[in-house]
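A.B. asks: For reference, this is entry27.pdb, and it has PDB, C-alpha atoms and all ligand atoms.
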ATOM      1  CA  MET E  19       0.000   0.000   0.000
ATOM      2  CA  ALA E  20       1.392   3.388  -0.996
ATOM      3  CA  GLN E  21       2.994   5.747   1.448
ATOM      4  CA  ILE E  22       1.307   9.112   0.826
ATOM      5  CA  ILE E  23       3.625  12.100   1.261
ATOM      6  CA  ALA E  24       2.500  15.708   0.849
ATOM      7  CA  LEU E  25       5.191  18.256  -0.018
ATOM      8  CA  ALA E  26       4.179  21.493   1.622
ATOM      9  CA  ASN E  27       5.287  24.931   2.732
ATOM     10  CA  GLN E  28       3.028  27.941   2.285
ATOM     11  CA  LYS E  29       6.050  29.916   1.127
ATOM     12  CA  GLY E  30       6.500  29.913  -2.628
ATOM     13  CA  GLY E  31       9.820  29.167  -4.279
ATOM     14  CA  VAL E  32      11.244  26.874  -1.605
ATOM     15  CA  GLY E  33      11.594  23.770  -3.790
ATOM     16  CA  LYS E  34       8.285  21.900  -3.326
ATOM     17  CA  THR E  35       7.771  21.287  -7.029
ATOM     18  CA  THR E  36      11.440  20.629  -7.798
ATOM     19  CA  THR E  37      11.504  18.057  -4.998
ATOM     20  CA  SER E  38       8.182  16.458  -6.044
ATOM     21  CA  ILE E  39       9.443  15.889  -9.577
ATOM     22  CA  ASN E  40      12.969  14.813  -8.732
ATOM     23  CA  LEU E  41      12.211  12.706  -5.665
ATOM     24  CA  GLY E  42       9.370  11.100  -7.631
ATOM     25  CA  ALA E  43      11.674  10.286 -10.551
ATOM     26  CA  ALA E  44      14.467   9.013  -8.296
ATOM     27  CA  LEU E  45      12.066   6.739  -6.377
ATOM     28  CA  ALA E  46      10.691   5.441  -9.688
ATOM     29  CA  GLN E  47      14.167   4.703 -11.036
ATOM     30  CA  ALA E  48      14.869   2.853  -7.783
ATOM     31  CA  GLY E  49      12.036   0.513  -8.779
ATOM     32  CA  GLN E  50       9.136   2.069  -6.879
ATOM     33  CA  ARG E  51       5.701   2.630  -8.406
ATOM     34  CA  VAL E  52       5.083   6.353  -8.011
ATOM     35  CA  LEU E  53       2.065   8.609  -8.502
ATOM     36  CA  LEU E  54       2.632  12.373  -8.446
ATOM     37  CA  VAL E  55      -0.467  14.460  -7.749
ATOM     38  CA  ASP E  56      -0.262  18.130  -8.737
ATOM     39  CA  ILE E  57      -2.716  20.281  -6.763
ATOM     40  CA  ASP E  58      -1.165  23.665  -7.513
ATOM     41  CA  ALA E  59      -3.096  25.678 -10.116
ATOM     42  CA  GLN E  60       0.273  26.876 -11.447
ATOM     43  CA  GLY E  61       0.731  23.339 -12.789
ATOM     44  CA  ASN E  62       4.520  23.543 -12.536
ATOM     45  CA  ALA E  63       4.868  19.876 -11.592
ATOM     46  CA  THR E  64       2.724  19.055 -14.617
ATOM     47  CA  SER E  65       4.780  20.997 -17.161
ATOM     48  CA  GLY E  66       8.004  19.978 -15.409
ATOM     49  CA  SER E  67       6.987  16.342 -15.980
ATOM     50  CA  GLY E  68       6.856  16.994 -19.730
ATOM     51  CA  VAL E  69       3.068  17.273 -20.004
ATOM     52  CA  ASP E  70       1.526  19.960 -22.211
ATOM     53  CA  LYS E  71      -1.125  21.592 -20.021
ATOM     54  CA  SER E  72      -2.977  23.137 -22.966
ATOM     55  CA  ALA E  73      -3.786  19.666 -24.327
ATOM     56  CA  LEU E  74      -5.472  18.445 -21.123
ATOM     57  CA  THR E  75      -9.206  17.945 -20.843
ATOM     58  CA  VAL E  76      -9.290  16.750 -17.218
ATOM     59  CA  ASP E  77      -7.060  17.433 -14.227
ATOM     60  CA  SER E  78      -6.951  17.432 -10.436
ATOM     61  CA  TYR E  79      -9.780  19.983 -10.382
ATOM     62  CA  ASP E  80     -12.087  17.320 -11.833
ATOM     63  CA  VAL E  81     -10.910  14.808  -9.231
ATOM     64  CA  ILE E  82     -11.414  17.131  -6.267
ATOM     65  CA  VAL E  83     -14.469  19.145  -7.294
ATOM     66  CA  GLU E  84     -16.317  16.887  -9.767
ATOM     67  CA  GLN E  85     -15.224  13.608  -8.166
ATOM     68  CA  THR E  86     -14.064  12.267 -11.538
ATOM     69  CA  PRO E  87     -12.377   8.857 -10.992
ATOM     70  CA  LEU E  88      -8.574   9.090 -10.852
ATOM     71  CA  HIS E  89      -8.223   6.443 -13.551
ATOM     72  CA  ASP E  90      -9.742   8.896 -16.040
ATOM     73  CA  VAL E  91      -7.233  11.593 -15.132
ATOM     74  CA  ILE E  92      -3.909   9.800 -14.570
ATOM     75  CA  ILE E  93      -1.272  10.278 -17.305
ATOM     76  CA  PRO E  94       1.814   8.055 -17.569
ATOM     77  CA  THR E  95       5.078  10.036 -17.872
ATOM     78  CA  ASP E  96       8.717   8.938 -18.267
ATOM     79  CA  ASN E  97       9.154   7.884 -14.647
ATOM     80  CA  TYR E  98       5.854   8.052 -12.805
ATOM     81  CA  ASP E  99       2.124   8.431 -13.222
ATOM     82  CA  LEU E 100       0.809  11.975 -12.938
ATOM     83  CA  VAL E 101      -2.439  13.617 -11.909
ATOM     84  CA  PRO E 102      -1.956  16.954 -13.673
ATOM     85  CA  ALA E 103      -3.100  20.425 -12.620
ATOM     86  CA  THR E 104      -4.039  23.460 -14.663
ATOM     87  CA  ILE E 105      -5.292  26.954 -13.938
ATOM     88  CA  GLN E 106      -8.781  25.405 -13.786
ATOM     89  CA  LEU E 107      -7.913  24.448 -10.198
ATOM     90  CA  SER E 108      -7.779  28.094  -9.117
ATOM     91  CA  GLY E 109     -11.561  28.123  -8.651
ATOM     92  CA  ALA E 110     -11.668  24.915  -6.606
ATOM     93  CA  GLU E 111     -11.461  26.380  -3.113
ATOM     94  CA  ILE E 112     -14.481  28.633  -3.593
ATOM     95  CA  GLU E 113     -16.527  25.890  -5.257
ATOM     96  CA  LEU E 114     -15.736  23.463  -2.456
ATOM     97  CA  SER E 115     -16.339  25.902   0.375
ATOM     98  CA  ASN E 116     -19.983  24.961   0.976
ATOM     99  CA  GLN E 117     -19.831  21.297  -0.033
ATOM    100  CA  GLU E 118     -20.128  18.276   2.254
ATOM    101  CA  LYS E 119     -16.960  16.413   3.237
ATOM    102  CA  ARG E 120     -14.908  18.982   1.348
ATOM    103  CA  GLU E 121     -11.723  18.148   3.260
ATOM    104  CA  TYR E 122     -11.891  14.466   2.259
ATOM    105  CA  ARG E 123     -12.134  14.725  -1.544
ATOM    106  CA  LEU E 124      -8.509  13.868  -2.299
ATOM    107  CA  LYS E 125      -8.350  11.174   0.384
ATOM    108  CA  THR E 126     -11.423   9.436  -1.026
ATOM    109  CA  ALA E 127      -9.990   9.566  -4.557
ATOM    110  CA  LEU E 128      -6.549   8.273  -3.562
ATOM    111  CA  GLU E 129      -7.910   5.389  -1.506
ATOM    112  CA  LYS E 130      -9.034   3.692  -4.716
ATOM    113  CA  VAL E 131      -5.535   3.643  -6.256
ATOM    114  CA  ARG E 132      -3.454   3.295  -3.127
ATOM    115  CA  ASP E 133      -2.708  -0.377  -3.739
ATOM    116  CA  ASP E 134      -1.378   0.358  -7.229
ATOM    117  CA  TYR E 135       1.597   2.411  -5.990
ATOM    118  CA  ASP E 136       4.460   2.367  -3.495
ATOM    119  CA  PHE E 137       4.598   6.143  -3.108
ATOM    120  CA  ILE E 138       2.057   8.880  -3.778
ATOM    121  CA  LEU E 139       3.569  12.379  -3.691
ATOM    122  CA  ILE E 140       1.336  15.457  -3.535
ATOM    123  CA  ASP E 141       2.766  18.784  -4.754
ATOM    124  CA  ASN E 142       0.964  21.567  -2.881
ATOM    125  CA  PRO E 143       0.223  25.207  -3.677
ATOM    126  CA  PRO E 144       1.984  27.930  -1.656
ATOM    127  CA  ALA E 145      -0.970  28.350   0.702
ATOM    128  CA  LEU E 146      -2.642  26.747   3.697
ATOM    129  CA  GLY E 147      -6.145  26.698   2.199
ATOM    130  CA  LEU E 148      -8.642  23.940   1.510
ATOM    131  CA  LEU E 149      -6.508  22.251  -1.168
ATOM    132  CA  THR E 150      -3.615  21.879   1.256
ATOM    133  CA  VAL E 151      -6.048  20.660   3.935
ATOM    134  CA  ASN E 152      -7.227  18.027   1.405
ATOM    135  CA  ALA E 153      -3.601  16.942   0.933
ATOM    136  CA  PHE E 154      -2.948  16.812   4.692
ATOM    137  CA  THR E 155      -6.133  14.825   5.253
ATOM    138  CA  ALA E 156      -5.106  12.308   2.573
ATOM    139  CA  ALA E 157      -1.433  12.057   3.569
ATOM    140  CA  ASP E 158       0.457   9.831   5.956
ATOM    141  CA  ALA E 159       3.214  12.395   6.285
ATOM    142  CA  ILE E 160       4.375  15.830   5.210
ATOM    143  CA  LEU E 161       7.764  16.607   3.720
ATOM    144  CA  ILE E 162       8.626  20.268   4.287
ATOM    145  CA  PRO E 163      11.200  21.822   1.949
ATOM    146  CA  VAL E 164      12.886  24.796   3.619
ATOM    147  CA  GLN E 165      14.998  27.230   1.665
ATOM    148  CA  THR E 166      18.340  27.654   3.432
ATOM    149  CA  GLU E 167      18.215  31.429   3.765
ATOM    150  CA  PHE E 168      17.715  34.068   6.422
ATOM    151  CA  TYR E 169      13.946  33.735   6.848
ATOM    152  CA  ALA E 170      14.015  29.938   6.718
ATOM    153  CA  LEU E 171      12.086  29.356   9.947
ATOM    154  CA  GLU E 172       9.601  32.158   9.348
ATOM    155  CA  GLY E 173       6.119  30.790   8.695
ATOM    156  CA  LEU E 174       6.970  27.285   9.878
ATOM    157  CA  GLY E 175       5.043  27.853  13.129
ATOM    158  CA  GLN E 176       1.908  28.550  11.105
ATOM    159  CA  LEU E 177       2.509  25.442   9.002
ATOM    160  CA  LEU E 178       2.946  23.293  12.112
ATOM    161  CA  ASN E 179      -0.271  24.766  13.567
ATOM    162  CA  THR E 180      -2.158  23.789  10.423
ATOM    163  CA  ILE E 181      -0.726  20.278  10.637
ATOM    164  CA  GLU E 182      -1.897  20.078  14.271
ATOM    165  CA  LEU E 183      -5.401  21.310  13.355
ATOM    166  CA  VAL E 184      -5.720  18.715  10.587
ATOM    167  CA  ARG E 185      -4.509  16.052  13.026
ATOM    168  CA  GLN E 186      -7.208  16.985  15.505
ATOM    169  CA  GLN E 187     -10.051  17.302  13.021
ATOM    170  CA  PHE E 188      -9.438  15.065  10.031
ATOM    171  CA  ASN E 189      -6.336  12.859  10.236
ATOM    172  CA  PRO E 190      -5.014  11.843  13.681
ATOM    173  CA  GLU E 191      -2.192   9.724  12.185
ATOM    174  CA  LEU E 192      -0.639  12.597  10.212
ATOM    175  CA  ASP E 193       3.126  12.777  10.686
ATOM    176  CA  VAL E 194       5.965  15.073   9.620
ATOM    177  CA  ALA E 195       8.123  12.972   7.279
ATOM    178  CA  GLY E 196      10.986  15.422   7.538
ATOM    179  CA  ILE E 197      12.410  18.841   6.844
ATOM    180  CA  LEU E 198      14.463  19.136   3.647
ATOM    181  CA  LEU E 199      17.061  21.898   3.382
ATOM    182  CA  THR E 200      17.027  23.254  -0.187
ATOM    183  CA  MET E 201      18.928  25.792  -2.305
ATOM    184  CA  TYR E 202      21.891  25.535   0.010
ATOM    185  CA  ASP E 203      24.884  27.665  -0.895
ATOM    186  CA  GLY E 204      27.816  26.152   0.989
ATOM    187  CA  ARG E 205      30.064  29.106   0.152
ATOM    188  CA  THR E 206      28.210  31.365   2.549
ATOM    189  CA  ASN E 207      28.413  31.346   6.320
ATOM    190  CA  LEU E 208      24.762  32.352   6.412
ATOM    191  CA  ALA E 209      23.665  29.089   4.778
ATOM    192  CA  LYS E 210      25.728  27.092   7.274
ATOM    193  CA  GLN E 211      24.252  29.032  10.180
ATOM    194  CA  VAL E 212      20.693  28.620   8.916
ATOM    195  CA  ALA E 213      21.203  24.882   8.358
ATOM    196  CA  GLN E 214      22.477  24.591  11.936
ATOM    197  CA  GLU E 215      19.569  26.630  13.261
ATOM    198  CA  VAL E 216      17.050  24.388  11.477
ATOM    199  CA  ARG E 217      18.825  21.290  12.839
ATOM    200  CA  ASN E 218      18.835  22.729  16.375
ATOM    201  CA  TYR E 219      15.118  23.347  16.120
ATOM    202  CA  PHE E 220      13.944  20.182  14.349
ATOM    203  CA  ASP E 221      16.722  17.815  15.444
ATOM    204  CA  ASP E 222      16.566  14.398  13.757
ATOM    205  CA  LYS E 223      13.496  15.421  11.736
ATOM    206  CA  VAL E 224      15.861  17.094   9.235
ATOM    207  CA  TYR E 225      16.946  14.905   6.306
ATOM    208  CA  GLU E 226      20.700  14.323   6.118
ATOM    209  CA  THR E 227      20.608  15.038   2.397
ATOM    210  CA  ILE E 228      20.885  18.757   1.642
ATOM    211  CA  ILE E 229      19.868  20.086  -1.782
ATOM    212  CA  PRO E 230      22.413  22.635  -3.032
ATOM    213  CA  ARG E 231      21.552  25.540  -5.292
ATOM    214  CA  THR E 232      22.567  24.470  -8.808
ATOM    215  CA  VAL E 233      21.746  25.917 -12.217
ATOM    216  CA  ARG E 234      21.105  22.475 -13.720
ATOM    217  CA  LEU E 235      18.220  21.870 -11.294
ATOM    218  CA  SER E 236      16.549  25.080 -12.397
ATOM    219  CA  GLU E 237      17.063  24.275 -16.096
ATOM    220  CA  ALA E 238      15.582  20.764 -16.153
ATOM    221  CA  PRO E 239      11.861  21.757 -15.861
ATOM    222  CA  SER E 240      11.896  23.772 -19.085
ATOM    223  CA  TYR E 241      12.863  20.536 -20.866
ATOM    224  CA  GLY E 242      10.070  18.669 -19.075
ATOM    225  CA  GLN E 243      12.619  16.362 -17.509
ATOM    226  CA  ALA E 244      13.700  15.218 -14.073
ATOM    227  CA  ILE E 245      17.331  15.999 -13.282
ATOM    228  CA  ILE E 246      18.305  12.300 -13.330
ATOM    229  CA  ASP E 247      17.282  12.167 -17.003
ATOM    230  CA  PHE E 248      18.321  15.697 -17.965
ATOM    231  CA  ASP E 249      21.821  15.443 -16.487
ATOM    232  CA  PRO E 250      22.366  12.111 -14.711
ATOM    233  CA  ARG E 251      25.924  12.961 -13.630
ATOM    234  CA  SER E 252      25.059  16.307 -12.070
ATOM    235  CA  VAL E 253      25.190  17.114  -8.382
ATOM    236  CA  GLY E 254      21.416  17.661  -8.484
ATOM    237  CA  ALA E 255      20.838  14.117  -9.761
ATOM    238  CA  GLN E 256      23.103  12.730  -7.067
ATOM    239  CA  VAL E 257      21.426  14.548  -4.167
ATOM    240  CA  TYR E 258      17.914  13.624  -5.245
ATOM    241  CA  ASN E 259      19.047   9.985  -5.527
ATOM    242  CA  ASP E 260      20.451  10.323  -2.005
ATOM    243  CA  LEU E 261      17.158  11.740  -0.768
ATOM    244  CA  ALA E 262      15.266   8.862  -2.425
ATOM    245  CA  GLN E 263      17.517   6.377  -0.617
ATOM    246  CA  GLU E 264      16.856   8.139   2.687
ATOM    247  CA  VAL E 265      13.098   8.036   2.096
ATOM    248  CA  LEU E 266      13.211   4.355   1.082
ATOM    249  CA  LYS E 267      15.082   3.524   4.274
ATOM    250  CA  GLN E 268      12.708   5.657   6.355
ATOM    251  CA  TYR E 269       9.716   3.658   5.127
ATOM    252  CA  GLY E 270      11.443   0.291   5.092
ATOM    253  CA  LYS E 271      11.197  -0.168   1.318
TER     254      LYS E 271
HETATM  255  P1  LIG E 301       7.952  25.866  -5.036
HETATM  256  O1  LIG E 301       7.271  24.713  -5.693
HETATM  257  O2  LIG E 301       8.140  25.682  -3.548
HETATM  258  O3  LIG E 301       7.311  27.181  -5.366
HETATM  259  P2  LIG E 301      10.074  25.403  -6.974
HETATM  260  O4  LIG E 301      10.488  23.984  -6.821
HETATM  261  O5  LIG E 301       9.179  25.737  -8.106
HETATM  262  O6  LIG E 301       9.456  25.931  -5.601
HETATM  263  O7  LIG E 301      11.401  26.280  -7.038
HETATM  264  C1  LIG E 301      11.343  27.689  -7.230
HETATM  265  C2  LIG E 301      12.353  28.091  -8.307
HETATM  266  O8  LIG E 301      13.664  27.760  -7.879
HETATM  267  C3  LIG E 301      12.158  27.372  -9.630
HETATM  268  O9  LIG E 301      12.481  28.241 -10.674
HETATM  269  C4  LIG E 301      13.155  26.215  -9.571
HETATM  270  O10 LIG E 301      13.600  25.804 -10.845
HETATM  271  C5  LIG E 301      14.276  26.833  -8.746
HETATM  272  N1  LIG E 301      14.978  25.835  -7.922
HETATM  273  C6  LIG E 301      14.416  24.920  -7.095
HETATM  274  N2  LIG E 301      15.363  24.205  -6.456
HETATM  275  C7  LIG E 301      16.555  24.688  -6.887
HETATM  276  C8  LIG E 301      17.931  24.372  -6.595
HETATM  277  N3  LIG E 301      18.248  23.422  -5.711
HETATM  278  N4  LIG E 301      18.894  25.075  -7.230
HETATM  279  C9  LIG E 301      18.562  26.052  -8.123
HETATM  280  N5  LIG E 301      17.320  26.399  -8.437
HETATM  281  C10 LIG E 301      16.312  25.733  -7.828
HETATM  282 MG    MG E 302       5.481  24.706  -6.769
END
Go ahead and render the structure in this file as structure tokens.
C.D. replies:
Amino acid sequence: MAQIIALANQKGGVGKTTTSINLGAALAQAGQRVLLVDIDAQGNATSGSGVDKSALTVDSYDVIVEQTPLHDVIIPTDNYDLVPATIQLSGAEIELSNQEKREYRLKTALEKVRDDYDFILIDNPPALGLLTVNAFTAADAILIPVQTEFYALEGLGQLLNTIELVRQQFNPELDVAGILLTMYDGRTNLAKQVAQEVRNYFDDKVYETIIPRTVRLSEAPSYGQAIIDFDPRSVGAQVYNDLAQEVLKQYGK
């Protein structure tokens, strides 16, 4: 049965999508069956997986709002299966706001395919709204990418509060999978200090793997490729393989 991991941080630009794509691809190339669910209306995980958004007729909006079966929406890509997102999703929160069981839409949908995968990754929007609550209600655990810069810890209290609220109301088993330090620039003392500060605060909840800032990682999405396909020998490919190994070990797979 799949381990369901939501990648979340209400800050934008911290590496949620980059990690969804590249961890997903690395897990798949390690032999795992992976489903990546894009629930950000930006659809960056969708285009970054090589899928042309303009050609789509159904997406995660249909799953969450219209309750369209996942099997009608899933697209196979090079490494994993994808539930795509488009700008259509931007209206979902308002449409859901007065509907019954609105927090459980994604959970209900994923339950039907859970046995078909080893990992289900959910790429979240930069917000703590109803879509993110759907992801947290469906997930076993949350992976929190944190950009290794001065304001790294800012906003994390609010994120942890939301996790606690979802635990109390919708999903008592919800866990924090780990904190992932991203965009690390080892040449600066600031990055080292911030990494230490995050480790002091979160202790062994921080993944050993640190994702450095590299140009290759930022180039891969425009080719619709994961870094391990785009540039298999790059540092970015290596660190996302390392992260995949850490996650496999964490879940005994
Ligand atoms: P989020 O999904 O949290 O908004 P993204 O994964 O889209 O964040 O990353 C934000 C931007 O930073 C993107 O342009 C992405 O290509 C770039 N980026 C992400 N991780 C790295 C990295 N390790 N090194 C360099 N650029 C990165
Ligand atoms: Mg994103």
A.B. asks: Pick out the closest residue to Ala127 (chain E) from this set: E:Gln211, E:Gln85, E:Asn179, E:Thr75. Count all atoms listed in the file.
C.D. replies: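 Ranked by minimum distance to Ala127 (chain E), first place goes to E:Gln85.
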A.B. asks: For each of E:Glu191, E:Asp56, E:Glu226, E:Glu264, take the minimum atom-to-atom distance to ligand LIG 301 (chain E), counting all atoms listed in the file, then give the residue where this is smallest.
C.D. replies: E:Asp56
A.B. asks: Run the PyMOL selection byres (((not hetatm)) within 6 of (chain E and resi 301)) on the file and write out the hits as a list of chain:residue names.
C.D. replies: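 Applied to this file, the PyMOL selection byres (((not hetatm)) within 6 of (chain E and resi 301)) selects E:Gly30, E:Gly31, E:Val32, E:Gly33, E:Lys34, E:Thr35, E:Thr36, E:Thr200, E:Met201, E:Ile229, E:Pro230, E:Arg231, E:Thr232, E:Val233, E:Leu235, E:Ser236.
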A.B. asks: Enumerate as a ChimeraX atom specification the residues within 12 Å of ligand MG 302 (chain E), counting all atoms listed in the file.
C.D. replies: /E:25-39,55-66,103,140-145,163,239
A.B. asks: Please produce a file of the residues just selected, as a PDB file, in the coordinates of the input, where the atoms kept are C-alpha atoms.
C.D. replies:
ATOM      1  CA  LEU E  25       5.191  18.256  -0.018  1.00  0.00           C
ATOM      2  CA  ALA E  26       4.179  21.493   1.622  1.00  0.00           C
ATOM      3  CA  ASN E  27       5.287  24.931   2.732  1.00  0.00           C
ATOM      4  CA  GLN E  28       3.028  27.941   2.285  1.00  0.00           C
ATOM      5  CA  LYS E  29       6.050  29.916   1.127  1.00  0.00           C
ATOM      6  CA  GLY E  30       6.500  29.913  -2.628  1.00  0.00           C
ATOM      7  CA  GLY E  31       9.820  29.167  -4.279  1.00  0.00           C
ATOM      8  CA  VAL E  32      11.244  26.874  -1.605  1.00  0.00           C
ATOM      9  CA  GLY E  33      11.594  23.770  -3.790  1.00  0.00           C
ATOM     10  CA  LYS E  34       8.285  21.900  -3.326  1.00  0.00           C
ATOM     11  CA  THR E  35       7.771  21.287  -7.029  1.00  0.00           C
ATOM     12  CA  THR E  36      11.440  20.629  -7.798  1.00  0.00           C
ATOM     13  CA  THR E  37      11.504  18.057  -4.998  1.00  0.00           C
ATOM     14  CA  SER E  38       8.182  16.458  -6.044  1.00  0.00           C
ATOM     15  CA  ILE E  39       9.443  15.889  -9.577  1.00  0.00           C
ATOM     16  CA  VAL E  55      -0.467  14.460  -7.749  1.00  0.00           C
ATOM     17  CA  ASP E  56      -0.262  18.130  -8.737  1.00  0.00           C
ATOM     18  CA  ILE E  57      -2.716  20.281  -6.763  1.00  0.00           C
ATOM     19  CA  ASP E  58      -1.165  23.665  -7.513  1.00  0.00           C
ATOM     20  CA  ALA E  59      -3.096  25.678 -10.116  1.00  0.00           C
ATOM     21  CA  GLN E  60       0.273  26.876 -11.447  1.00  0.00           C
ATOM     22  CA  GLY E  61       0.731  23.339 -12.789  1.00  0.00           C
ATOM     23  CA  ASN E  62       4.520  23.543 -12.536  1.00  0.00           C
ATOM     24  CA  ALA E  63       4.868  19.876 -11.592  1.00  0.00           C
ATOM     25  CA  THR E  64       2.724  19.055 -14.617  1.00  0.00           C
ATOM     26  CA  SER E  65       4.780  20.997 -17.161  1.00  0.00           C
ATOM     27  CA  GLY E  66       8.004  19.978 -15.409  1.00  0.00           C
ATOM     28  CA  ALA E 103      -3.100  20.425 -12.620  1.00  0.00           C
ATOM     29  CA  ILE E 140       1.336  15.457  -3.535  1.00  0.00           C
ATOM     30  CA  ASP E 141       2.766  18.784  -4.754  1.00  0.00           C
ATOM     31  CA  ASN E 142       0.964  21.567  -2.881  1.00  0.00           C
ATOM     32  CA  PRO E 143       0.223  25.207  -3.677  1.00  0.00           C
ATOM     33  CA  PRO E 144       1.984  27.930  -1.656  1.00  0.00           C
ATOM     34  CA  ALA E 145      -0.970  28.350   0.702  1.00  0.00           C
ATOM     35  CA  PRO E 163      11.200  21.822   1.949  1.00  0.00           C
ATOM     36  CA  PRO E 239      11.861  21.757 -15.861  1.00  0.00           C
TER      37      PRO E 239
END
A.B. asks: Would you work out the distance separating CA of Thr86 (chain E) from CA of Pro190 (chain E), expressed in Å to one decimal?
C.D. replies: 26.8 Å
A.B. asks: Quick check on the file I pasted: which residues fall under the PyMOL selection byres (((chain E and resi 271) around 12) and not hetatm)? Write them as a PyMOL selection string.
C.D. replies: chain E and resi 19-21+45+48-51+136-137+262-270
A.B. asks: Which residue, E:Pro94, E:Arg123, E:Ile22, E:Ala44, has the smallest gap to Gln256 (chain E) when you use all atoms listed in the file?
C.D. replies: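 Between E:Pro94, E:Arg123, E:Ile22, E:Ala44, the residue approaching Gln256 (chain E) most closely is E:Ala44.
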A.B. asks: Enumerate, as an MDAnalysis selection string, the residues matched when the PyMOL selection byres (((chain E and resi 87) around 12) and not hetatm) is run on the file above.
C.D. replies: chainID E and resid 76:86 88:92 101 123:124 126:131
A.B. asks: Smallest atom-to-atom distance to Val184 (chain E): which of E:Gly196, E:Gly204, E:Gly109, E:Gly147, using all atoms listed in the file?
C.D. replies: E:Gly147
A.B. asks: Give me, as a PyMOL selection string, all polymer residues having an atom no more than 7 Å from Val164 (chain E), counting all atoms listed in the file and skipping those fewer than 2 positions away in the same chain.
C.D. replies: chain E and resi 32+162+166+170+197-200
A.B. asks: Please produce a file of those selected residues containing C-alpha atoms, as a PDB file, in the coordinates of the input.
C.D. replies:
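The new file selection.pdb reads:
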ATOM      1  CA  VAL E  32      11.244  26.874  -1.605  1.00  0.00           C
ATOM      2  CA  ILE E 162       8.626  20.268   4.287  1.00  0.00           C
ATOM      3  CA  THR E 166      18.340  27.654   3.432  1.00  0.00           C
ATOM      4  CA  ALA E 170      14.015  29.938   6.718  1.00  0.00           C
ATOM      5  CA  ILE E 197      12.410  18.841   6.844  1.00  0.00           C
ATOM      6  CA  LEU E 198      14.463  19.136   3.647  1.00  0.00           C
ATOM      7  CA  LEU E 199      17.061  21.898   3.382  1.00  0.00           C
ATOM      8  CA  THR E 200      17.027  23.254  -0.187  1.00  0.00           C
TER       9      THR E 200
END
A.B. asks: Rounded to one decimal, what separation in Å do you get between CA of Ile112 (chain E) and CA of Leu148 (chain E)?
C.D. replies: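 Taking CA of Ile112 (chain E) as the start and CA of Leu148 (chain E) as the end point, the length is 9.1 Å.
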A.B. asks: For a test of reading the model, state the distance in Å between CA of Ser240 (chain E) and CA of Ser67 (chain E), rounded to one decimal.
C.D. replies: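 About the pair CA of Ser240 (chain E) and CA of Ser67 (chain E): they are 9.4 Å apart.
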A.B. asks: Taking all atoms of region 212-225 of chain E that the file lists, what box with edges along x, y and z, padded by 3 Å per side, do you get, with centre and edge lengths in Å to one decimal, as AutoDock Vina command-line options?
C.D. replies:
--center_x 18.0 --center_y 21.5 --center_z 11.3 --size_x 15.0 --size_y 20.2 --size_z 16.1
A.B. asks: Excluding Glu167 (chain E) and its own-chain neighbours fewer than 4 positions away, which residues fall within 9 Å of it when counting only C-alpha atoms? Please give them as a PyMOL selection string.
C.D. replies: chain E and resi 171+201-203+208-209+212-213
A.B. asks: Which residues come within 12 Å of Asp96 (chain E), counting only C-alpha atoms, excluding same-chain residues fewer than 5 positions away, as a count of residues only?
C.D. replies: 19
A.B. asks: For each of E:Lys125, E:Lys210, E:Arg217, E:Arg132, take the minimum atom-to-atom distance to Asn189 (chain E), counting all atoms listed in the file, then give the residue where this is smallest.
C.D. replies: E:Lys125
A.B. asks: Looking at E:Lys223, E:Thr104, E:Ile138, E:Ala159, which one is nearest to Asp193 (chain E), with distances taken over all atoms listed in the file?
C.D. replies: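 Nearest candidate to Asp193 (chain E) out of E:Lys223, E:Thr104, E:Ile138, E:Ala159: E:Ala159.
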A.B. asks: Find the residues around Arg234 (chain E) up to 8 Å (all atoms listed in the file counted), leave out those fewer than 2 positions away in its own chain, and share them as a compact mmCIF listing (two decimals) with C-alpha atoms, keeping the file's coordinate frame.
C.D. replies:
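As written to disk, result17.txt reads:
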# COMPACT_ATOMS: atom_id res chain seq x y z
CA THR E 232 22.57 24.47 -8.81
CA SER E 236 16.55 25.08 -12.40
CA GLU E 237 17.06 24.28 -16.10
CA ALA E 238 15.58 20.76 -16.15
CA ILE E 245 17.33 16.00 -13.28
CA ASP E 249 21.82 15.44 -16.49
CA SER E 252 25.06 16.31 -12.07
CA GLY E 254 21.42 17.66 -8.48
A.B. asks: As an mmCIF file, keeping the file's coordinate frame, could you write out region 45-51 of chain E once it has been completed with N, CA and C atoms?
C.D. replies:
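Contents of rebuild35.cif, as written:
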data_model
loop_
_atom_site.group_PDB
_atom_site.id
_atom_site.type_symbol
_atom_site.label_atom_id
_atom_site.label_comp_id
_atom_site.auth_asym_id
_atom_site.auth_seq_id
_atom_site.Cartn_x
_atom_site.Cartn_y
_atom_site.Cartn_z
ATOM 1 N N LEU E 45 12.725 7.912 -6.984
ATOM 2 C CA LEU E 45 12.066 6.739 -6.377
ATOM 3 C C LEU E 45 11.646 5.756 -7.470
ATOM 4 N N ALA E 46 11.129 6.308 -8.585
ATOM 5 C CA ALA E 46 10.691 5.441 -9.688
ATOM 6 C C ALA E 46 11.872 4.681 -10.279
ATOM 7 N N GLN E 47 12.995 5.376 -10.452
ATOM 8 C CA GLN E 47 14.167 4.703 -11.036
ATOM 9 C C GLN E 47 14.799 3.728 -10.054
ATOM 10 N N ALA E 48 14.444 3.849 -8.781
ATOM 11 C CA ALA E 48 14.869 2.853 -7.783
ATOM 12 C C ALA E 48 13.882 1.679 -7.729
ATOM 13 N N GLY E 49 12.931 1.661 -8.665
ATOM 14 C CA GLY E 49 12.036 0.513 -8.779
ATOM 15 C C GLY E 49 10.688 0.667 -8.104
ATOM 16 N N GLN E 50 10.411 1.850 -7.564
ATOM 17 C CA GLN E 50 9.136 2.069 -6.879
ATOM 18 C C GLN E 50 8.065 2.519 -7.877
ATOM 19 N N ARG E 51 6.827 2.138 -7.602
ATOM 20 C CA ARG E 51 5.701 2.630 -8.406
ATOM 21 C C ARG E 51 5.232 3.933 -7.776
#
